[in-house]
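Here's final-v7.txt, which has compact mmCIF, C-alpha atoms:
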```
# COMPACT_ATOMS: atom_id res chain seq x y z
CA MET A 1 120.38 90.54 132.23
CA PRO A 2 122.07 87.30 131.04
CA SER A 3 125.33 87.71 129.13
CA GLY A 4 123.75 86.26 125.96
CA ALA A 5 121.07 88.97 126.01
CA LEU A 6 123.68 91.64 126.74
CA ASN A 7 125.76 90.45 123.79
CA TRP A 8 122.66 90.55 121.60
CA VAL A 9 121.83 94.12 122.65
CA GLY A 10 125.49 95.11 122.14
CA SER A 11 125.45 93.65 118.62
CA VAL A 12 122.18 95.45 117.76
CA LEU A 13 123.61 98.76 118.97
CA ALA A 14 126.83 98.09 117.03
CA VAL A 15 124.80 97.81 113.78
CA THR A 16 122.93 101.05 114.60
CA ALA A 17 126.15 102.89 115.57
CA LYS A 18 127.87 101.70 112.38
CA ASP A 19 124.98 103.00 110.25
CA ILE A 20 124.89 106.34 112.11
CA ARG A 21 128.66 106.77 111.67
CA SER A 22 128.43 105.91 107.96
CA GLU A 23 125.44 108.25 107.58
CA PHE A 24 127.30 111.14 109.22
CA ARG A 25 130.16 110.65 106.75
CA THR A 26 128.04 110.30 103.60
CA ARG A 27 124.67 111.92 104.54
CA TYR A 28 123.18 109.67 101.88
CA ALA A 29 119.78 108.90 103.42
CA LEU A 30 119.45 112.02 105.60
CA ASN A 31 119.96 114.41 102.66
CA ALA A 32 117.45 112.51 100.52
CA ILE A 33 114.79 112.45 103.23
CA LEU A 34 115.22 116.06 104.36
CA MET A 35 115.43 117.54 100.88
CA PHE A 36 112.33 115.64 99.77
CA ALA A 37 110.39 116.69 102.87
CA LEU A 38 111.44 120.35 102.62
CA VAL A 39 110.68 120.64 98.89
CA THR A 40 107.29 118.92 99.27
CA LEU A 41 106.38 121.03 102.27
CA THR A 42 107.32 124.23 100.45
CA VAL A 43 105.38 123.27 97.31
CA ILE A 44 102.31 122.36 99.37
CA SER A 45 102.46 125.57 101.39
CA PHE A 46 102.66 127.66 98.21
CA GLY A 47 100.01 125.58 96.45
CA LEU A 48 97.54 125.71 99.31
CA GLY A 49 98.44 129.16 100.56
CA LEU A 50 95.29 130.88 99.32
CA LEU A 51 92.91 127.92 99.52
CA ASN A 52 92.61 127.70 103.31
CA PRO A 53 92.46 123.88 103.41
CA SER A 54 90.50 122.11 106.12
CA LYS A 55 92.26 120.59 109.12
CA GLU A 56 91.30 117.11 107.91
CA ILE A 57 93.16 117.72 104.64
CA LEU A 58 96.16 119.12 106.51
CA ALA A 59 96.30 116.01 108.70
CA ALA A 60 96.42 113.82 105.59
CA LEU A 61 99.04 116.07 103.94
CA PHE A 62 101.28 115.88 107.01
CA TRP A 63 101.44 112.08 106.82
CA ILE A 64 101.75 112.05 103.02
CA ILE A 65 104.87 114.22 103.38
CA LEU A 66 106.30 111.92 106.06
CA PHE A 67 105.43 108.79 104.04
CA PHE A 68 107.07 109.91 100.79
CA ALA A 69 110.06 111.44 102.58
CA ALA A 70 110.56 108.08 104.32
CA MET A 71 110.25 106.30 100.96
CA SER A 72 113.01 108.47 99.52
CA GLY A 73 115.59 107.47 102.09
CA LEU A 74 114.80 104.56 104.36
CA ALA A 75 115.64 101.84 101.83
CA HIS A 76 119.26 103.01 101.80
CA ALA A 77 120.09 101.12 104.99
CA PHE A 78 119.84 97.80 103.15
CA VAL A 79 120.41 98.85 99.56
CA ARG A 80 123.81 100.29 100.49
CA GLU A 81 124.84 96.99 102.11
CA GLU A 82 123.95 95.04 98.95
CA GLU A 83 125.47 97.52 96.52
CA SER A 84 128.75 97.82 98.38
CA GLY A 85 129.06 94.06 98.95
CA THR A 86 129.05 94.40 102.74
CA SER A 87 125.85 92.44 103.39
CA LEU A 88 127.88 89.21 103.57
CA VAL A 89 129.73 90.61 106.59
CA LEU A 90 126.42 90.93 108.42
CA LYS A 91 125.01 87.64 107.15
CA LEU A 92 128.05 85.72 108.38
CA SER A 93 128.65 87.55 111.62
CA CYS A 94 125.36 87.78 113.48
CA PRO A 95 121.75 86.52 113.59
CA GLY A 96 119.16 88.19 111.37
CA THR A 97 117.32 89.65 114.37
CA VAL A 98 120.43 91.68 115.23
CA VAL A 99 120.48 93.19 111.73
CA PHE A 100 116.72 93.82 111.75
CA PHE A 101 116.63 95.68 115.07
CA GLY A 102 119.91 97.51 114.36
CA LYS A 103 118.55 98.81 111.05
CA MET A 104 115.10 99.50 112.51
CA ILE A 105 116.57 101.66 115.28
CA PHE A 106 118.64 103.52 112.67
CA ASN A 107 115.51 104.14 110.56
CA LEU A 108 113.67 105.22 113.70
CA ILE A 109 116.40 107.78 114.45
CA LEU A 110 116.24 109.09 110.86
CA LEU A 111 112.45 109.43 111.09
CA GLY A 112 112.78 111.09 114.52
CA VAL A 113 115.17 113.70 113.08
CA LEU A 114 112.81 114.19 110.15
CA ALA A 115 109.81 114.67 112.46
CA ILE A 116 111.68 117.13 114.70
CA LEU A 117 112.44 119.28 111.64
CA ILE A 118 109.18 118.83 109.75
CA VAL A 119 106.67 119.40 112.58
CA PRO A 120 107.69 123.03 113.34
CA LEU A 121 108.03 123.83 109.63
CA PHE A 122 104.58 122.35 108.94
CA ILE A 123 103.10 124.44 111.76
CA ILE A 124 104.77 127.64 110.52
CA LEU A 125 104.21 127.22 106.77
CA LEU A 126 100.68 125.80 106.88
CA LYS A 127 99.60 127.86 109.88
CA ILE A 128 98.17 125.04 111.92
CA ILE A 129 98.81 124.25 115.57
CA PRO A 130 97.55 120.96 117.04
CA ALA A 131 94.73 121.76 119.46
CA ASP A 132 95.82 118.78 121.56
CA TRP A 133 99.56 118.10 121.60
CA GLY A 134 99.10 114.92 123.63
CA ILE A 135 96.91 113.35 120.95
CA PHE A 136 99.23 114.63 118.23
CA LEU A 137 102.22 112.91 119.88
CA LEU A 138 100.14 109.74 120.25
CA ALA A 139 99.83 109.71 116.48
CA LEU A 140 103.41 110.77 115.78
CA ILE A 141 105.42 108.47 118.06
CA PRO A 142 103.68 105.11 117.40
CA GLY A 143 103.29 106.26 113.78
CA ILE A 144 107.02 106.60 113.16
CA ILE A 145 107.71 103.37 115.09
CA GLY A 146 105.33 101.51 112.75
CA LEU A 147 106.74 103.30 109.72
CA ALA A 148 110.30 102.33 110.71
CA GLY A 149 109.38 98.69 111.44
CA ALA A 150 107.46 98.10 108.23
CA THR A 151 109.91 99.90 105.96
CA THR A 152 112.87 98.03 107.45
CA ILE A 153 111.64 94.61 106.31
CA VAL A 154 110.37 95.97 102.97
CA ALA A 155 113.82 97.54 102.42
CA ALA A 156 115.43 94.14 103.05
CA VAL A 157 113.16 92.62 100.39
CA VAL A 158 113.75 95.31 97.75
CA SER A 159 117.52 95.42 98.32
CA GLN A 160 117.70 92.08 96.43
CA ALA A 161 115.76 93.51 93.45
CA THR A 162 116.99 95.36 90.38
CA VAL A 163 114.49 98.26 90.42
CA LYS A 164 114.91 99.17 94.06
CA GLY A 165 113.56 102.74 94.40
CA ALA A 166 110.22 102.29 92.67
CA LEU A 167 109.63 98.88 94.20
CA PHE A 168 110.18 100.20 97.73
CA THR A 169 107.30 102.68 97.49
CA VAL A 170 105.00 100.24 95.66
CA LEU A 171 105.58 97.43 98.17
CA SER A 172 105.48 99.71 101.22
CA PHE A 173 102.17 101.39 100.41
CA PRO A 174 99.81 98.41 100.94
CA VAL A 175 101.80 97.35 104.00
CA LEU A 176 101.58 100.83 105.50
CA LEU A 177 97.96 101.58 104.53
CA PRO A 178 96.36 100.52 107.87
CA LEU A 179 98.98 102.56 109.73
CA LEU A 180 98.37 105.64 107.56
CA VAL A 181 94.59 105.40 108.01
CA ALA A 182 94.98 105.23 111.80
CA VAL A 183 97.56 108.03 112.17
CA ILE A 184 95.68 110.38 109.85
CA GLU A 185 92.51 109.84 111.85
CA ILE A 186 94.29 110.54 115.17
CA THR A 187 96.07 113.59 113.71
CA GLU A 188 92.69 114.97 112.51
CA VAL A 189 91.37 114.72 116.08
CA ALA A 190 94.54 116.42 117.37
CA PHE A 191 94.18 119.30 114.86
CA LEU A 192 90.42 119.69 115.43
CA GLY A 193 90.66 119.47 119.20
CA GLY A 194 88.48 116.38 119.66
CA THR A 195 88.21 114.18 122.71
CA TRP A 196 90.40 111.24 123.73
CA ALA A 197 87.40 108.93 123.29
CA GLU A 198 87.46 109.74 119.56
CA ILE A 199 90.93 108.31 119.13
CA LYS A 200 90.33 105.07 121.03
CA ALA A 201 89.62 102.90 117.96
CA PRO A 202 92.39 104.26 115.67
CA LEU A 203 94.88 104.22 118.56
CA GLN A 204 94.09 100.55 119.25
CA LEU A 205 94.58 99.83 115.55
CA LEU A 206 97.88 101.74 115.55
CA ILE A 207 99.29 99.94 118.60
CA ALA A 208 98.09 96.55 117.29
CA TYR A 209 99.71 97.37 113.93
CA ASP A 210 103.05 98.20 115.58
CA VAL A 211 103.04 95.00 117.65
CA VAL A 212 101.91 92.71 114.81
CA MET A 213 104.21 94.28 112.21
CA THR A 214 107.28 94.14 114.44
CA THR A 215 106.56 90.52 115.48
CA LEU A 216 105.93 89.42 111.88
CA SER A 217 109.03 91.24 110.66
CA VAL A 218 111.22 89.52 113.26
CA MET A 219 109.73 86.12 112.35
CA LEU A 220 110.13 86.62 108.59
CA PHE A 221 113.35 88.57 108.52
CA ASP A 222 115.82 85.68 108.59
CA PHE A 223 114.08 84.09 105.60
CA VAL A 224 114.04 87.37 103.63
CA TRP A 225 117.62 88.26 104.59
CA ARG A 226 119.24 84.96 103.70
CA GLN A 227 117.43 84.17 100.43
CA MET B 228 137.05 69.87 118.07
CA LEU B 229 134.93 71.18 115.19
CA LYS B 230 133.77 68.91 112.40
CA LEU B 231 132.15 69.81 109.08
CA GLU B 232 130.25 67.08 107.26
CA VAL B 233 129.01 67.48 103.71
CA LYS B 234 126.94 64.64 102.23
CA ASN B 235 125.80 64.24 98.61
CA LEU B 236 125.66 67.98 98.09
CA ALA B 237 124.32 69.16 94.76
CA LYS B 238 123.56 72.59 93.34
CA ARG B 239 121.69 73.53 90.20
CA PHE B 240 120.86 76.93 88.75
CA GLY B 241 117.69 76.11 86.80
CA PRO B 242 118.59 73.43 84.28
CA ARG B 243 122.35 73.95 84.73
CA LYS B 244 124.14 71.61 87.08
CA VAL B 245 126.89 73.39 89.04
CA PHE B 246 128.10 70.41 91.06
CA ALA B 247 126.70 67.12 92.30
CA GLU B 248 127.47 64.32 94.75
CA ILE B 249 129.95 66.32 96.80
CA SER B 250 130.76 64.54 100.05
CA PHE B 251 133.56 65.18 102.50
CA SER B 252 134.28 65.49 106.18
CA LEU B 253 136.73 67.95 107.70
CA GLU B 254 137.89 68.39 111.29
CA THR B 255 139.90 70.92 113.24
CA GLY B 256 143.50 70.63 112.08
CA GLN B 257 142.51 69.48 108.61
CA SER B 258 142.41 71.48 105.41
CA LEU B 259 140.81 71.11 102.01
CA ALA B 260 141.61 72.83 98.73
CA VAL B 261 138.66 73.18 96.37
CA THR B 262 140.04 73.54 92.86
CA GLY B 263 138.67 73.65 89.35
CA PRO B 264 138.39 75.94 86.35
CA ASN B 265 136.41 79.19 86.33
CA GLY B 266 132.69 78.50 86.61
CA SER B 267 133.18 75.04 88.12
CA GLY B 268 131.31 76.05 91.28
CA LYS B 269 134.06 76.69 93.85
CA THR B 270 132.49 79.90 95.14
CA THR B 271 128.98 78.41 94.97
CA LEU B 272 130.16 75.44 97.05
CA ILE B 273 131.59 77.74 99.74
CA LYS B 274 128.46 79.90 99.76
CA THR B 275 126.29 76.80 100.03
CA ILE B 276 128.29 75.40 102.95
CA LEU B 277 128.02 78.77 104.72
CA GLY B 278 124.26 78.95 104.19
CA LEU B 279 124.45 81.85 101.74
CA ALA B 280 122.94 79.72 98.97
CA ALA B 281 120.41 76.92 99.33
CA PRO B 282 121.59 73.49 98.18
CA SER B 283 119.49 71.71 95.56
CA ARG B 284 120.13 68.43 97.38
CA GLY B 285 122.30 67.01 100.14
CA GLU B 286 123.19 67.82 103.74
CA ILE B 287 125.63 70.08 105.52
CA ALA B 288 126.24 69.68 109.25
CA LEU B 289 128.62 71.25 111.74
CA PHE B 290 129.55 69.41 114.93
CA ARG B 291 131.29 70.74 118.05
CA ASP B 292 132.66 67.83 120.12
CA GLU B 293 130.28 65.38 118.41
CA LYS B 294 127.27 67.61 119.15
CA LYS B 295 125.43 68.86 116.08
CA LEU B 296 125.25 72.63 116.03
CA GLU B 297 122.34 74.77 114.97
CA PHE B 298 122.78 76.84 111.83
CA ASP B 299 123.26 79.94 114.02
CA ALA B 300 126.60 78.50 115.18
CA TYR B 301 128.15 79.54 111.88
CA TYR B 302 128.25 83.12 113.18
CA LYS B 303 130.43 82.11 116.05
CA GLU B 304 132.59 79.47 114.38
CA ALA B 305 133.19 80.47 110.76
CA PHE B 306 134.91 83.32 108.96
CA LEU B 307 134.95 83.93 105.22
CA ILE B 308 137.58 85.86 103.32
CA ALA B 309 136.59 86.39 99.69
CA PRO B 310 136.87 89.09 97.02
CA TYR B 311 133.06 89.49 96.98
CA MET B 312 132.85 90.12 100.74
CA ASN B 313 133.72 93.74 101.37
CA LEU B 314 134.34 95.66 104.57
CA TYR B 315 132.93 99.14 105.10
CA ASP B 316 134.54 101.92 103.05
CA THR B 317 132.88 104.56 105.24
CA LEU B 318 134.59 103.27 108.40
CA THR B 319 138.26 103.31 109.31
CA GLY B 320 140.23 100.09 109.48
CA ARG B 321 140.01 100.02 113.28
CA GLU B 322 136.29 100.86 113.24
CA ASN B 323 135.74 97.91 110.91
CA LEU B 324 137.62 95.58 113.24
CA LEU B 325 135.77 96.88 116.29
CA PHE B 326 132.40 96.59 114.52
CA LEU B 327 133.06 92.99 113.48
CA SER B 328 134.18 92.02 116.97
CA ARG B 329 131.07 93.65 118.50
CA LEU B 330 128.83 91.75 116.08
CA GLY B 331 130.39 88.62 117.51
CA GLY B 332 129.62 89.76 121.06
CA LEU B 333 133.16 90.88 121.89
CA ALA B 334 134.88 94.24 121.98
CA ALA B 335 138.36 94.05 120.53
CA THR B 336 140.94 95.91 122.60
CA ASP B 337 143.16 98.59 121.09
CA GLU B 338 146.16 96.31 121.63
CA ALA B 339 144.49 93.38 119.84
CA MET B 340 143.53 95.59 116.89
CA GLU B 341 147.01 97.10 116.63
CA ALA B 342 148.60 93.65 116.81
CA ALA B 343 146.27 92.32 114.08
CA LEU B 344 146.90 95.34 111.84
CA ASP B 345 150.63 95.04 112.41
CA ARG B 346 150.54 91.33 111.57
CA VAL B 347 148.96 91.98 108.15
CA GLY B 348 151.21 94.92 107.33
CA LEU B 349 148.73 97.71 108.03
CA ALA B 350 150.45 99.20 111.08
CA GLY B 351 149.74 102.93 111.28
CA ARG B 352 146.86 102.77 108.78
CA GLY B 353 144.13 101.76 111.21
CA LYS B 354 142.74 105.28 111.54
CA ASP B 355 142.37 105.79 107.77
CA LEU B 356 139.02 105.31 106.07
CA VAL B 357 138.90 101.96 104.26
CA GLY B 358 137.52 103.80 101.20
CA GLY B 359 141.04 105.20 100.79
CA TYR B 360 142.72 101.77 100.96
CA SER B 361 144.02 99.97 97.89
CA SER B 362 142.35 96.65 97.01
CA GLY B 363 145.33 94.79 98.46
CA MET B 364 145.08 96.71 101.73
CA LYS B 365 141.37 95.92 101.92
CA GLN B 366 142.19 92.24 101.47
CA ARG B 367 144.79 92.47 104.26
CA LEU B 368 142.21 94.10 106.55
CA LYS B 369 139.94 91.06 106.15
CA TYR B 370 142.78 88.90 107.47
CA ALA B 371 143.18 91.28 110.40
CA ALA B 372 139.46 90.84 111.15
CA ALA B 373 139.92 87.05 111.06
CA LEU B 374 142.86 87.33 113.47
CA ILE B 375 140.65 89.18 115.94
CA LYS B 376 137.76 86.74 115.62
CA LYS B 377 139.97 83.62 115.94
CA PRO B 378 137.51 81.44 113.99
CA ALA B 379 137.31 77.67 114.35
CA ALA B 380 136.48 77.31 110.65
CA VAL B 381 138.19 79.45 108.02
CA PHE B 382 136.84 79.65 104.47
CA LEU B 383 139.14 81.31 101.96
CA ASP B 384 137.97 82.04 98.42
CA GLU B 385 140.86 83.18 96.23
CA PRO B 386 142.86 83.96 99.38
CA THR B 387 145.63 85.99 97.75
CA SER B 388 143.58 88.00 95.24
CA ASN B 389 144.82 91.59 94.93
CA LEU B 390 147.84 90.89 97.17
CA ASP B 391 151.47 91.64 96.38
CA GLU B 392 154.27 89.16 97.15
CA ALA B 393 154.66 90.40 100.73
CA GLY B 394 150.91 90.08 101.25
CA LYS B 395 150.91 86.55 99.84
CA GLY B 396 153.68 85.64 102.28
CA ILE B 397 151.58 86.92 105.20
CA VAL B 398 148.56 84.94 104.02
CA PHE B 399 150.55 81.73 103.56
CA SER B 400 151.94 82.00 107.09
CA LEU B 401 148.45 82.68 108.50
CA ILE B 402 147.01 79.66 106.69
CA LYS B 403 149.79 77.48 108.13
CA GLU B 404 148.89 78.73 111.62
CA TRP B 405 145.13 78.26 111.14
CA LYS B 406 145.71 74.69 109.95
CA LYS B 407 146.83 73.88 113.51
CA THR B 408 143.85 75.41 115.30
CA ALA B 409 140.96 75.43 112.80
CA LEU B 410 139.50 73.62 109.85
CA VAL B 411 140.44 75.40 106.66
CA VAL B 412 138.76 75.37 103.24
CA ILE B 413 140.57 77.09 100.38
CA ALA B 414 138.90 77.68 97.01
CA THR B 415 141.53 78.55 94.46
CA ASN B 416 142.86 78.31 90.92
CA GLU B 417 146.45 78.82 92.08
CA LYS B 418 148.51 75.63 92.45
CA GLU B 419 150.70 77.22 95.12
CA GLU B 420 147.66 77.98 97.28
CA ALA B 421 146.14 74.55 96.70
CA THR B 422 149.29 72.83 97.97
CA LEU B 423 148.81 74.52 101.36
CA ALA B 424 145.95 72.10 102.04
CA GLU B 425 146.48 68.41 102.76
CA ARG B 426 143.43 67.30 100.81
CA SER B 427 141.89 68.48 97.59
CA LEU B 428 138.53 68.39 95.87
CA GLU B 429 138.48 69.09 92.17
CA LEU B 430 135.25 70.44 90.71
CA GLY B 431 134.20 70.56 87.06
CA ARG B 432 135.76 67.25 86.07
```
Please, can you express the file's structure as structure tokens?
Amino acid sequence: MPSGALNWVGSVLAVTAKDIRSEFRTRYALNAILMFALVTLTVISFGLGLLNPSKEILAALFWIILFFAAMSGLAHAFVREEESGTSLVLKLSCPGTVVFFGKMIFNLILLGVLAILIVPLFIILLKIIPADWGIFLLALIPGIIGLAGATTIVAAVVSQATVKGALFTVLSFPVLLPLLVAVIEITEVAFLGGTWAEIKAPLQLLIAYDVVMTTLSVMLFDFVWRQ
Amino acid sequence: MLKLEVKNLAKRFGPRKVFAEISFSLETGQSLAVTGPNGSGKTTLIKTILGLAAPSRGEIALFRDEKKLEFDAYYKEAFLIAPYMNLYDTLTGRENLLFLSRLGGLAATDEAMEAALDRVGLAGRGKDLVGGYSSGMKQRLKYAAALIKKPAAVFLDEPTSNLDEAGKGIVFSLIKEWKKTALVVIATNEKEEATLAERSLELGR
């Protein structure tokens, strides 16, 4: 790998490592995401306990929990930089792509931790086990990659605004809608025990979404970040 | 040899004119003091030159050995020290220095970090969280970061804000050193700081 590319990768990982270190010391985003997810999951499990909801509804609920938990914490990566006056350090020290991928990997790690904790709790509390774990993971892994990519650029946009929290959810929802439709559909198939042929269309949409969203985010990020 | 060229630069915020018709050229080994009363646009001028604010009109160009550099070159060449640019409270002093050097594609050695911290009077405080530093210590840490980066263009906005007399002495000696190896722009209200630069540009007249 050329030294320029190695330096770029090193800078990206430095941004991610800095955010992880800061997060370990403050637990700002992690606490918000985990507490939201746990409370929502508990409320849903109590609320639906006697209703015996269908697997289709449970698939939608799983992603609603992940979506709103992500909304409660993923904006912090950029909002914290603006509020503490440290964003200038990043703006003057490295290209925007370094910041974008550094923050995206950090958000991906946060979502990964969230998924690792939420999936077993969801299975235990709502008494549902995916009939096909392979299909379930095909929804989960590209799903959180798309969620991290889209929320990273939206977080950069809202970090410049006054009403950050509300705006993050409002702006993220339309951007994430195609992703949510696809992952819910694949998760339904995983819960119901359908065939791989049934997930072909939503999986294509999901992968296309991840590629298009990441490419667009990289292209637009410098403009968003420096305005 | 680095050269900064600013031609007919103007900045407006809506109907309010901040500055207009600013033109100057500055090379390695030269320094410029930007002076003027509060609100005259000193900080806005520095932010505009560094690409942190869009100019309303005019051109800014950076040349390395007569070759015009892309905007991305600012990351490698320039360093800003200003009261509104903060380092990370959740990291230690050394972690901040290491992070900044890694962003620039380097990895500062322990010796380089210790030497920089020692130079700005923060010897022995590198392992403390910056959140526990006083405002003067935070300002000193920014100078330590600049020492590690060794920038070819140094932009200083209120360079001695929050510093005690000893801190001011360190900054003055650093500016005198940078004037030999870099181009230096100082935005200030303090006459003593302005006299460190050979040339001056007064805004708000």
For a quick test of understanding: name the residues of chain B lying within 7 Å of chain A when counting only C-alpha atoms, and present them as a short mmCIF file (atom, residue, chain, number, x, y, z; two decimals) with C-alpha atoms, in the frame of the given file.
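This went into out07.cif:
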```
data_model
loop_
_atom_site.label_atom_id
_atom_site.label_comp_id
_atom_site.auth_asym_id
_atom_site.auth_seq_id
_atom_site.Cartn_x
_atom_site.Cartn_y
_atom_site.Cartn_z
CA LEU B 279 124.45 81.85 101.74
CA ASP B 299 123.26 79.94 114.02
CA TYR B 302 128.25 83.12 113.18
CA TYR B 311 133.06 89.49 96.98
CA MET B 312 132.85 90.12 100.74
CA ASN B 313 133.72 93.74 101.37
CA LEU B 314 134.34 95.66 104.57
CA TYR B 315 132.93 99.14 105.10
CA THR B 317 132.88 104.56 105.24
CA LEU B 318 134.59 103.27 108.40
CA PHE B 326 132.40 96.59 114.52
CA ARG B 329 131.07 93.65 118.50
CA LEU B 330 128.83 91.75 116.08
CA GLY B 331 130.39 88.62 117.51
CA GLY B 332 129.62 89.76 121.06
#
```
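With distances restricted to only C-alpha atoms, A:Gln160 is the closest residue to A:Val79 from A:Gln160, A:Thr151, A:Asn52, A:Asn31.
Pairwise distance (atom CA of B:Lys406, atom CA of B:Glu232) equals 17.4 Å.
The space between atom CA of B:Gly266 and atom CA of A:Arg80 spans 27.3 Å.
Residues having any atom no farther than 8 Å from (110.2, 115.2, 101.6) (counting all atoms listed in the file) are A:Ala32, A:Ile33, A:Leu34, A:Met35, A:Phe36, A:Ala37, A:Leu38, A:Val39, A:Thr40, A:Leu41, A:Ile65, A:Leu66, A:Phe68, A:Ala69, A:Ala70, A:Ser72.
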Scan for residues within 10 Å of the point (146.5, 79.9, 105.4) in the coordinates of the file, using all atoms listed in the file, and reply as a PDB file with C-alpha atoms, in the coordinates of the input.
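File out_28.pdb, as written:
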```
ATOM      1  CA  SER B 258     142.410  71.480 105.410  1.00  0.00           C
ATOM      2  CA  TYR B 370     142.780  88.900 107.470  1.00  0.00           C
ATOM      3  CA  VAL B 381     138.190  79.450 108.020  1.00  0.00           C
ATOM      4  CA  PHE B 382     136.840  79.650 104.470  1.00  0.00           C
ATOM      5  CA  LEU B 383     139.140  81.310 101.960  1.00  0.00           C
ATOM      6  CA  PRO B 386     142.860  83.960  99.380  1.00  0.00           C
ATOM      7  CA  THR B 387     145.630  85.990  97.750  1.00  0.00           C
ATOM      8  CA  LYS B 395     150.910  86.550  99.840  1.00  0.00           C
ATOM      9  CA  GLY B 396     153.680  85.640 102.280  1.00  0.00           C
ATOM     10  CA  ILE B 397     151.580  86.920 105.200  1.00  0.00           C
ATOM     11  CA  VAL B 398     148.560  84.940 104.020  1.00  0.00           C
ATOM     12  CA  PHE B 399     150.550  81.730 103.560  1.00  0.00           C
ATOM     13  CA  SER B 400     151.940  82.000 107.090  1.00  0.00           C
ATOM     14  CA  LEU B 401     148.450  82.680 108.500  1.00  0.00           C
ATOM     15  CA  ILE B 402     147.010  79.660 106.690  1.00  0.00           C
ATOM     16  CA  LYS B 403     149.790  77.480 108.130  1.00  0.00           C
ATOM     17  CA  GLU B 404     148.890  78.730 111.620  1.00  0.00           C
ATOM     18  CA  TRP B 405     145.130  78.260 111.140  1.00  0.00           C
ATOM     19  CA  LYS B 406     145.710  74.690 109.950  1.00  0.00           C
ATOM     20  CA  VAL B 411     140.440  75.400 106.660  1.00  0.00           C
ATOM     21  CA  VAL B 412     138.760  75.370 103.240  1.00  0.00           C
ATOM     22  CA  ILE B 413     140.570  77.090 100.380  1.00  0.00           C
ATOM     23  CA  GLU B 420     147.660  77.980  97.280  1.00  0.00           C
ATOM     24  CA  LEU B 423     148.810  74.520 101.360  1.00  0.00           C
ATOM     25  CA  ALA B 424     145.950  72.100 102.040  1.00  0.00           C
TER      26      ALA B 424
END
```
(request) Calculate how many Å separate atom CA of A:Gly102 from atom CA of B:Ala379, rounding to one decimal. (result) 26.4 Å
(message) Applying 12 Å and all atoms listed in the file, which residues near A:Ala150 remain after dropping the ones on its own chain fewer than 5 positions away? List them as a PyMOL selection string.
(response) chain A and resi 67+70-71+74-75+100-101+103-104+107-108+143-145+155-157+168-169+171-180+209-218+220-221
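In this comparison, which uses all atoms listed in the file, the residue of B:Thr271, B:Ser250, B:Asn389, B:Thr336 approaching B:Ala414 most closely is B:Thr271.
Across B:Leu307, B:Asn416, B:Ala421, B:Asp355, the tightest approach to B:Gly263 is made by B:Asn416 when counting all atoms listed in the file.
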Please report, as AutoDock Vina command-line options, the centre and edge lengths in Å to one decimal of an axis-aligned box covering all listed atoms of stretch 309-324 of chain B with 3 Å per side.
```
--center_x 136.5 --center_y 95.5 --center_z 105.1 --size_x 13.4 --size_y 24.2 --size_z 22.3
```
(request) Rank nothing, just name the residue among B:Ala393, B:Leu428, B:Ala300, B:Leu289 nearest to B:Leu349, using all atoms listed in the file. (result) B:Ala393
(request) Point out the residue among A:Ile44, A:Ala197, A:Val113, A:Leu205 with the least atom-to-atom distance to A:Ile57, counting only C-alpha atoms. (result) A:Ile44
(request) Compare B:Ala334, B:Leu356, B:Ile375, B:Leu430 by their minimum atom-to-atom distance to B:Glu248, counting all atoms listed in the file, and give me the closest one. (result) B:Leu430
(request) Show which residues sit within 7 Å of stretch 366-369 of chain B, as a ChimeraX atom specification. Count all atoms listed in the file, and ignore same-chain residues fewer than 5 positions away. (result) /B:308,320,347
